[in-house]
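model_9.pdb (PDB, C-alpha atoms)
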```
ATOM      1  CA  MET A 104     -22.554  72.595 177.484
ATOM      2  CA  SER A 105     -21.105  74.428 180.452
ATOM      3  CA  GLY A 106     -20.302  77.562 178.475
ATOM      4  CA  ARG A 107     -16.833  77.668 180.023
ATOM      5  CA  SER A 108     -13.826  78.243 177.797
ATOM      6  CA  ASP A 109     -10.886  75.847 177.842
ATOM      7  CA  LYS A 110      -8.535  78.771 177.217
ATOM      8  CA  SER A 111      -6.644  79.828 180.320
ATOM      9  CA  VAL A 112      -6.490  83.509 181.193
ATOM     10  CA  PRO A 113      -2.909  84.818 180.970
ATOM     11  CA  PHE A 114      -1.264  86.125 184.125
ATOM     12  CA  ALA A 115      -1.090  89.930 184.008
ATOM     13  CA  VAL A 116       2.103  91.592 185.249
ATOM     14  CA  LYS A 117       2.615  95.335 185.672
ATOM     15  CA  ILE A 118       6.116  96.531 184.742
ATOM     16  CA  VAL A 119       7.510 100.049 185.078
ATOM     17  CA  VAL A 120       9.965 101.573 182.590
ATOM     18  CA  SER A 121      11.872 104.447 184.162
ATOM     19  CA  GLY A 122      14.982 106.589 183.762
ATOM     20  CA  GLY A 123      16.053 110.128 183.063
ATOM     21  CA  LEU A 124      14.947 112.559 180.395
ATOM     22  CA  GLY A 125      15.637 111.400 176.842
ATOM     23  CA  VAL A 126      16.860 107.867 177.641
ATOM     24  CA  GLY A 127      14.350 106.210 175.274
ATOM     25  CA  LYS A 128      11.452 105.093 177.489
ATOM     26  CA  THR A 129       8.746 105.986 174.948
ATOM     27  CA  THR A 130      10.741 104.333 172.159
ATOM     28  CA  PHE A 131      11.343 101.223 174.301
ATOM     29  CA  ILE A 132       7.633 100.703 174.956
ATOM     30  CA  GLY A 133       6.616 101.552 171.401
ATOM     31  CA  ALA A 134       9.100  99.077 169.927
ATOM     32  CA  VAL A 135       7.529  96.087 171.653
ATOM     33  CA  SER A 136       3.885  96.948 172.337
ATOM     34  CA  GLU A 137       1.262  94.766 170.642
ATOM     35  CA  ILE A 138      -1.244  97.593 170.836
ATOM     36  CA  GLU A 139      -0.969 101.185 169.723
ATOM     37  CA  PRO A 140       1.022 102.584 172.642
ATOM     38  CA  LEU A 141      -0.414 105.412 174.674
ATOM     39  CA  ASP A 142       1.966 108.275 175.228
ATOM     40  CA  THR A 143       1.660 111.732 176.700
ATOM     41  CA  GLU A 144       4.391 113.380 174.668
ATOM     42  CA  ALA A 145       4.289 117.172 174.709
ATOM     43  CA  ALA A 146       6.490 119.737 173.027
ATOM     44  CA  ILE A 147       9.406 121.021 175.062
ATOM     45  CA  THR A 148       8.696 124.709 175.560
ATOM     46  CA  GLN A 149      10.423 127.729 177.035
ATOM     47  CA  VAL A 150       8.915 126.798 180.405
ATOM     48  CA  SER A 151      11.472 124.008 180.750
ATOM     49  CA  VAL A 152      14.472 126.207 179.936
ATOM     50  CA  GLY A 153      16.776 126.270 182.937
ATOM     51  CA  VAL A 154      14.713 123.526 184.612
ATOM     52  CA  ASP A 155      15.198 120.435 182.422
ATOM     53  CA  SER A 156      18.752 119.923 181.216
ATOM     54  CA  LEU A 157      19.005 118.837 177.570
ATOM     55  CA  ALA A 158      22.793 118.466 177.621
ATOM     56  CA  GLY A 159      23.602 115.505 175.406
ATOM     57  CA  VAL A 160      20.092 115.350 173.928
ATOM     58  CA  GLU A 161      19.880 118.822 172.429
ATOM     59  CA  GLY A 162      17.849 117.551 169.472
ATOM     60  CA  LYS A 163      14.995 116.361 171.689
ATOM     61  CA  THR A 164      11.803 118.327 170.996
ATOM     62  CA  THR A 165       9.165 116.408 172.994
ATOM     63  CA  THR A 166       8.955 114.837 176.435
ATOM     64  CA  THR A 167       6.634 112.565 178.420
ATOM     65  CA  VAL A 168       4.599 114.590 180.901
ATOM     66  CA  ALA A 169       2.501 111.843 182.529
ATOM     67  CA  LEU A 170       3.077 108.273 181.361
ATOM     68  CA  ASP A 171       3.573 105.887 178.462
ATOM     69  CA  PHE A 172       1.613 102.647 178.247
ATOM     70  CA  GLY A 173       1.930  99.469 176.191
ATOM     71  CA  ARG A 174       1.268  95.741 176.355
ATOM     72  CA  ILE A 175       3.196  92.650 175.294
ATOM     73  CA  SER A 176       2.509  88.917 175.655
ATOM     74  CA  LEU A 177       5.718  87.084 176.547
ATOM     75  CA  ASP A 178       3.912  83.808 175.871
ATOM     76  CA  SER A 179       0.387  82.417 176.176
ATOM     77  CA  SER A 180       0.572  82.523 179.970
ATOM     78  CA  ILE A 181       2.107  85.950 180.767
ATOM     79  CA  VAL A 182       1.071  89.420 179.596
ATOM     80  CA  LEU A 183       3.163  92.433 180.584
ATOM     81  CA  TYR A 184       1.579  95.852 180.958
ATOM     82  CA  LEU A 185       4.284  98.483 180.575
ATOM     83  CA  PHE A 186       4.040 101.869 182.296
ATOM     84  CA  GLY A 187       6.664 104.476 181.424
ATOM     85  CA  THR A 188       7.432 107.241 183.910
ATOM     86  CA  PRO A 189       8.252 110.855 183.027
ATOM     87  CA  GLY A 190      11.972 111.528 183.172
ATOM     88  CA  GLN A 191      12.111 115.007 184.661
ATOM     89  CA  ASP A 192      12.606 115.410 188.400
ATOM     90  CA  ARG A 193       9.733 117.912 188.516
ATOM     91  CA  PHE A 194       7.310 115.119 187.543
ATOM     92  CA  SER A 195       8.683 112.583 190.026
ATOM     93  CA  PHE A 196       5.627 113.060 192.250
ATOM     94  CA  LEU A 197       3.789 110.845 189.710
ATOM     95  CA  TRP A 198       6.103 107.902 190.302
ATOM     96  CA  ASP A 199       4.432 106.657 193.499
ATOM     97  CA  ASP A 200       1.116 106.230 191.692
ATOM     98  CA  LEU A 201       2.647 104.715 188.556
ATOM     99  CA  VAL A 202       4.602 102.044 190.446
ATOM    100  CA  GLU A 203       1.669 100.928 192.586
ATOM    101  CA  GLY A 204       1.207  97.185 192.023
ATOM    102  CA  ALA A 205       4.252  96.818 189.762
ATOM    103  CA  LEU A 206       6.304  93.620 190.126
ATOM    104  CA  GLY A 207       9.494  94.976 188.566
ATOM    105  CA  THR A 208      11.186  97.869 186.784
ATOM    106  CA  VAL A 209      13.412  98.491 183.792
ATOM    107  CA  ILE A 210      15.644 101.510 184.382
ATOM    108  CA  LEU A 211      16.954 102.829 181.081
ATOM    109  CA  ALA A 212      20.239 104.708 181.083
ATOM    110  CA  ASP A 213      22.212 106.803 178.617
ATOM    111  CA  THR A 214      25.974 106.764 179.249
ATOM    112  CA  ARG A 215      26.204 110.318 177.867
ATOM    113  CA  ARG A 216      24.102 111.425 180.865
ATOM    114  CA  ILE A 217      24.775 108.644 183.332
ATOM    115  CA  GLU A 218      24.224 110.919 186.345
ATOM    116  CA  ASP A 219      20.552 111.175 185.334
ATOM    117  CA  SER A 220      20.175 107.525 186.373
ATOM    118  CA  PHE A 221      20.655 108.223 190.086
ATOM    119  CA  PRO A 222      17.131 109.483 190.956
ATOM    120  CA  ALA A 223      15.491 106.377 189.463
ATOM    121  CA  LEU A 224      18.099 104.039 190.973
ATOM    122  CA  ASP A 225      17.671 105.580 194.430
ATOM    123  CA  PHE A 226      13.874 105.432 194.182
ATOM    124  CA  PHE A 227      13.650 101.792 193.131
ATOM    125  CA  GLU A 228      16.457 100.543 195.364
ATOM    126  CA  GLU A 229      14.539 101.949 198.348
ATOM    127  CA  ARG A 230      11.450 100.004 197.264
ATOM    128  CA  ASP A 231      13.448  96.757 197.264
ATOM    129  CA  GLU A 232      11.664  95.491 194.160
ATOM    130  CA  PRO A 233      13.393  93.658 191.269
ATOM    131  CA  PHE A 234      14.860  95.867 188.569
ATOM    132  CA  VAL A 235      17.346  95.721 185.741
ATOM    133  CA  LEU A 236      19.513  98.521 184.389
ATOM    134  CA  ALA A 237      19.376  98.645 180.582
ATOM    135  CA  ILE A 238      22.031 100.731 178.840
ATOM    136  CA  ASN A 239      20.464 102.158 175.688
ATOM    137  CA  ARG A 240      23.131 102.115 172.973
ATOM    138  CA  PHE A 241      22.665 105.424 171.166
ATOM    139  CA  ASP A 242      24.232 105.913 167.751
ATOM    140  CA  GLY A 243      27.473 107.851 168.030
ATOM    141  CA  ALA A 244      27.726 107.499 171.805
ATOM    142  CA  GLN A 245      30.819 105.993 173.413
ATOM    143  CA  HIS A 246      30.178 102.405 174.482
ATOM    144  CA  PHE A 247      31.429 101.434 177.924
ATOM    145  CA  ASP A 248      31.918  97.967 179.353
ATOM    146  CA  LEU A 249      28.818  97.017 181.346
ATOM    147  CA  GLU A 250      30.878  96.232 184.439
ATOM    148  CA  GLU A 251      32.381  99.736 184.231
ATOM    149  CA  VAL A 252      28.867 101.164 184.279
ATOM    150  CA  ARG A 253      27.928  98.945 187.227
ATOM    151  CA  GLU A 254      30.954 100.168 189.173
ATOM    152  CA  ALA A 255      30.335 103.825 188.298
ATOM    153  CA  LEU A 256      26.769 103.579 189.593
ATOM    154  CA  GLY A 257      27.657 101.502 192.643
ATOM    155  CA  LEU A 258      25.326  98.631 191.760
ATOM    156  CA  GLY A 259      25.690  95.256 193.437
ATOM    157  CA  ASP A 260      26.046  91.984 191.554
ATOM    158  CA  ARG A 261      22.404  91.061 192.121
ATOM    159  CA  VAL A 262      21.223  93.821 189.732
ATOM    160  CA  PRO A 263      21.471  92.776 186.059
ATOM    161  CA  VAL A 264      23.120  95.380 183.815
ATOM    162  CA  VAL A 265      22.364  94.751 180.145
ATOM    163  CA  ALA A 266      22.850  96.565 176.863
ATOM    164  CA  CYS A 267      19.905  97.231 174.589
ATOM    165  CA  ASP A 268      18.669  99.095 171.555
ATOM    166  CA  ALA A 269      15.324 100.636 172.548
ATOM    167  CA  ARG A 270      14.307 100.750 168.876
ATOM    168  CA  ASP A 271      14.675  97.001 168.367
ATOM    169  CA  ARG A 272      11.815  94.712 169.377
ATOM    170  CA  ASN A 273      14.008  91.671 170.016
ATOM    171  CA  SER A 274      16.433  93.689 172.123
ATOM    172  CA  VAL A 275      13.592  95.076 174.231
ATOM    173  CA  ARG A 276      12.135  91.581 174.687
ATOM    174  CA  ASP A 277      15.532  90.378 175.940
ATOM    175  CA  VAL A 278      15.558  93.141 178.564
ATOM    176  CA  LEU A 279      12.028  92.257 179.689
ATOM    177  CA  ALA A 280      12.968  88.572 179.856
ATOM    178  CA  ALA A 281      15.945  89.444 182.092
ATOM    179  CA  LEU A 282      13.621  91.408 184.359
ATOM    180  CA  MET A 283      11.114  88.550 184.547
ATOM    181  CA  ASP A 284      13.947  86.223 185.584
ATOM    182  CA  GLN A 285      14.557  88.628 188.490
ATOM    183  CA  VAL A 286      10.873  88.834 189.395
ATOM    184  CA  ILE A 287      10.372  85.065 189.316
ATOM    185  CA  GLY A 288      13.605  84.470 191.227
ATOM    186  CA  LYS A 289      12.540  86.848 194.005
ATOM    187  CA  HIS A 290       9.133  85.254 194.380
ATOM    188  CA  LEU A 291      10.562  81.725 194.393
ATOM    189  CA  ALA A 292      13.082  82.767 197.039
ATOM    190  CA  ALA A 293      10.334  84.347 199.144
ATOM    191  CA  ARG A 294       8.204  81.221 198.861
ATOM    192  CA  SER A 295      11.160  78.992 199.763
ATOM    193  CA  GLY A 296      12.076  81.252 202.678
ATOM    194  CA  GLY A 297       8.511  81.151 203.967
ATOM    195  CA  GLY A 298       8.563  77.370 203.807
ATOM    196  CA  ARG A 299      11.780  77.232 205.808
ATOM    197  CA  ALA A 300      10.392  79.642 208.392
ATOM    198  CA  ARG A 301       7.276  77.512 208.852
ATOM    199  CA  ALA A 302       9.400  74.377 209.165
ATOM    200  CA  LEU A 303      11.579  75.977 211.862
ATOM    201  CA  ALA A 304       8.508  77.129 213.750
ATOM    202  CA  ARG A 305       7.194  73.570 214.093
TER     203      ARG A 305
END
```

Will you turn the file into structure tokens for me?
Amino acid sequence: MSGRSDKSVPFAVKIVVSGGLGVGKTTFIGAVSEIEPLDTEAAITQVSVGVDSLAGVEGKTTTTVALDFGRISLDSSIVLYLFGTPGQDRFSFLWDDLVEGALGTVILADTRRIEDSFPALDFFEERDEPFVLAINRFDGAQHFDLEEVREALGLGDRVPVVACDARDRNSVRDVLAALMDQVIGKHLAARSGGGRARALAR
């Protein structure tokens, strides 16, 4: 016996989940993670008064201060490792470390605080990595047409804008599947482009 297993090792993919304060990043990861998710939730204290705006999410009592982490197997060949970023601008210095090695990003948005999406959108657009914008449908919030949201945020057609419920496992899986379509499409295009470049150089 060779001692080797016939089981193939799944391909590991690092995915970032980002967005503003209170958009549902911790909930999103917790809804789909196969393991007990790691979170760094801390109570919102007086220190944040006047620094972190809670307009629209006044009932929020905790916030992520470092990262969230979870894992999900899309199938037997792909495992996603999910890293959630803190939402406050004052913790944005952590983003560079958290996104290192990531192949794509889910940016969660809340239409009640749509302006909070701009820091994450600017950051990830500059990195030129695949991302999707997922509009978290909060109970009681006004629902806007997805194309209206795209136009309001100035997003091009190449960026998927999808609706989701961060509490629902199937909804979260659909968002992650849309992101993986983007990731795979980019890498196939890069491979095809490299092939064309080599052919032209001959």

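If you apply the PyMOL selection byres ((chain A and resi 186) around 10) to this structure, you end up with Lys117, Ile118, Val119, Val120, Ser121, Lys128, Thr129, Ile132, Leu141, Asp142, Leu170, Asp171, Phe172, Gly173, Arg174, Leu183, Tyr184, Leu185, Gly187, Thr188, Pro189, Leu201, Val202, Ala205 and Thr208 of chain A.
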
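In this model, the gap between atom CA of A:Val182 and atom CA of A:Ile287 comes to 14.1 Å.
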
Mind listing whatever residues come within 9 Å of the point (15.0, 92.6, 182.3)? Use only C-alpha atoms, file coordinates, and give them as a ChimeraX atom specification. /A:207-209,234-237,263-265,275-285

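Straight-line separation from atom CA of A:Glu137 to atom CA of A:Ile175: 5.5 Å.
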
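One distance worth recording is that between atom CA of A:Thr214 and atom CA of A:Glu251, which is 10.7 Å.
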
Would you compute an axis-aligned box for stretch 266-273 of chain A, covering every atom listed for it in the file with 4 Å of margin on each side, and report centre and edge lengths in Å to one decimal as JSON?
```
{"center_x": 17.3, "center_y": 96.2, "center_z": 172.6, "size_x": 19.0, "size_y": 17.1, "size_z": 16.5}
```

To test your reading of the syntax: which residues would the PyMOL selection byres ((chain A and resi 224) around 12) return for the file shown? Reply as an MDAnalysis selection string. chainID A and resid 120:123 208:212 217:223 225:237 253 256:259 262

Residues just named, written with C-alpha atoms as a compact mmCIF listing (two decimals), keeping the file's coordinate frame:
```txt
# COMPACT_ATOMS: atom_id res chain seq x y z
CA VAL A 120 9.96 101.57 182.59
CA SER A 121 11.87 104.45 184.16
CA GLY A 122 14.98 106.59 183.76
CA GLY A 123 16.05 110.13 183.06
CA THR A 208 11.19 97.87 186.78
CA VAL A 209 13.41 98.49 183.79
CA ILE A 210 15.64 101.51 184.38
CA LEU A 211 16.95 102.83 181.08
CA ALA A 212 20.24 104.71 181.08
CA ILE A 217 24.78 108.64 183.33
CA GLU A 218 24.22 110.92 186.34
CA ASP A 219 20.55 111.18 185.33
CA SER A 220 20.18 107.52 186.37
CA PHE A 221 20.66 108.22 190.09
CA PRO A 222 17.13 109.48 190.96
CA ALA A 223 15.49 106.38 189.46
CA ASP A 225 17.67 105.58 194.43
CA PHE A 226 13.87 105.43 194.18
CA PHE A 227 13.65 101.79 193.13
CA GLU A 228 16.46 100.54 195.36
CA GLU A 229 14.54 101.95 198.35
CA ARG A 230 11.45 100.00 197.26
CA ASP A 231 13.45 96.76 197.26
CA GLU A 232 11.66 95.49 194.16
CA PRO A 233 13.39 93.66 191.27
CA PHE A 234 14.86 95.87 188.57
CA VAL A 235 17.35 95.72 185.74
CA LEU A 236 19.51 98.52 184.39
CA ALA A 237 19.38 98.64 180.58
CA ARG A 253 27.93 98.94 187.23
CA LEU A 256 26.77 103.58 189.59
CA GLY A 257 27.66 101.50 192.64
CA LEU A 258 25.33 98.63 191.76
CA GLY A 259 25.69 95.26 193.44
CA VAL A 262 21.22 93.82 189.73
```

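Residues in contact with A:Ala244 at up to 10 Å, not including ones fewer than 5 positions away on its chain and judged by all atoms listed in the file, are Gly159, Asp213, Thr214, Arg215 and Asn239 of chain A.
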
Keeping only C-alpha atoms, write those residues as a PDB file, keeping the file's coordinate frame.
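Listing of result.pdb after writing:
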```pdb
ATOM      1  CA  GLY A 159      23.602 115.505 175.406  1.00  0.00           C
ATOM      2  CA  ASP A 213      22.212 106.803 178.617  1.00  0.00           C
ATOM      3  CA  THR A 214      25.974 106.764 179.249  1.00  0.00           C
ATOM      4  CA  ARG A 215      26.204 110.318 177.867  1.00  0.00           C
ATOM      5  CA  ASN A 239      20.464 102.158 175.688  1.00  0.00           C
TER       6      ASN A 239
END
```

Of the candidates A:Phe131, A:Ser295, A:Asp248, A:Ser180, which one gets nearest to A:Ser111 if we count only C-alpha atoms? A:Ser180

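When only C-alpha atoms are used to measure the gap to A:Ala134, the shortest distance among A:Lys289, A:Arg240, A:Arg216, A:Arg270 belongs to A:Arg270.
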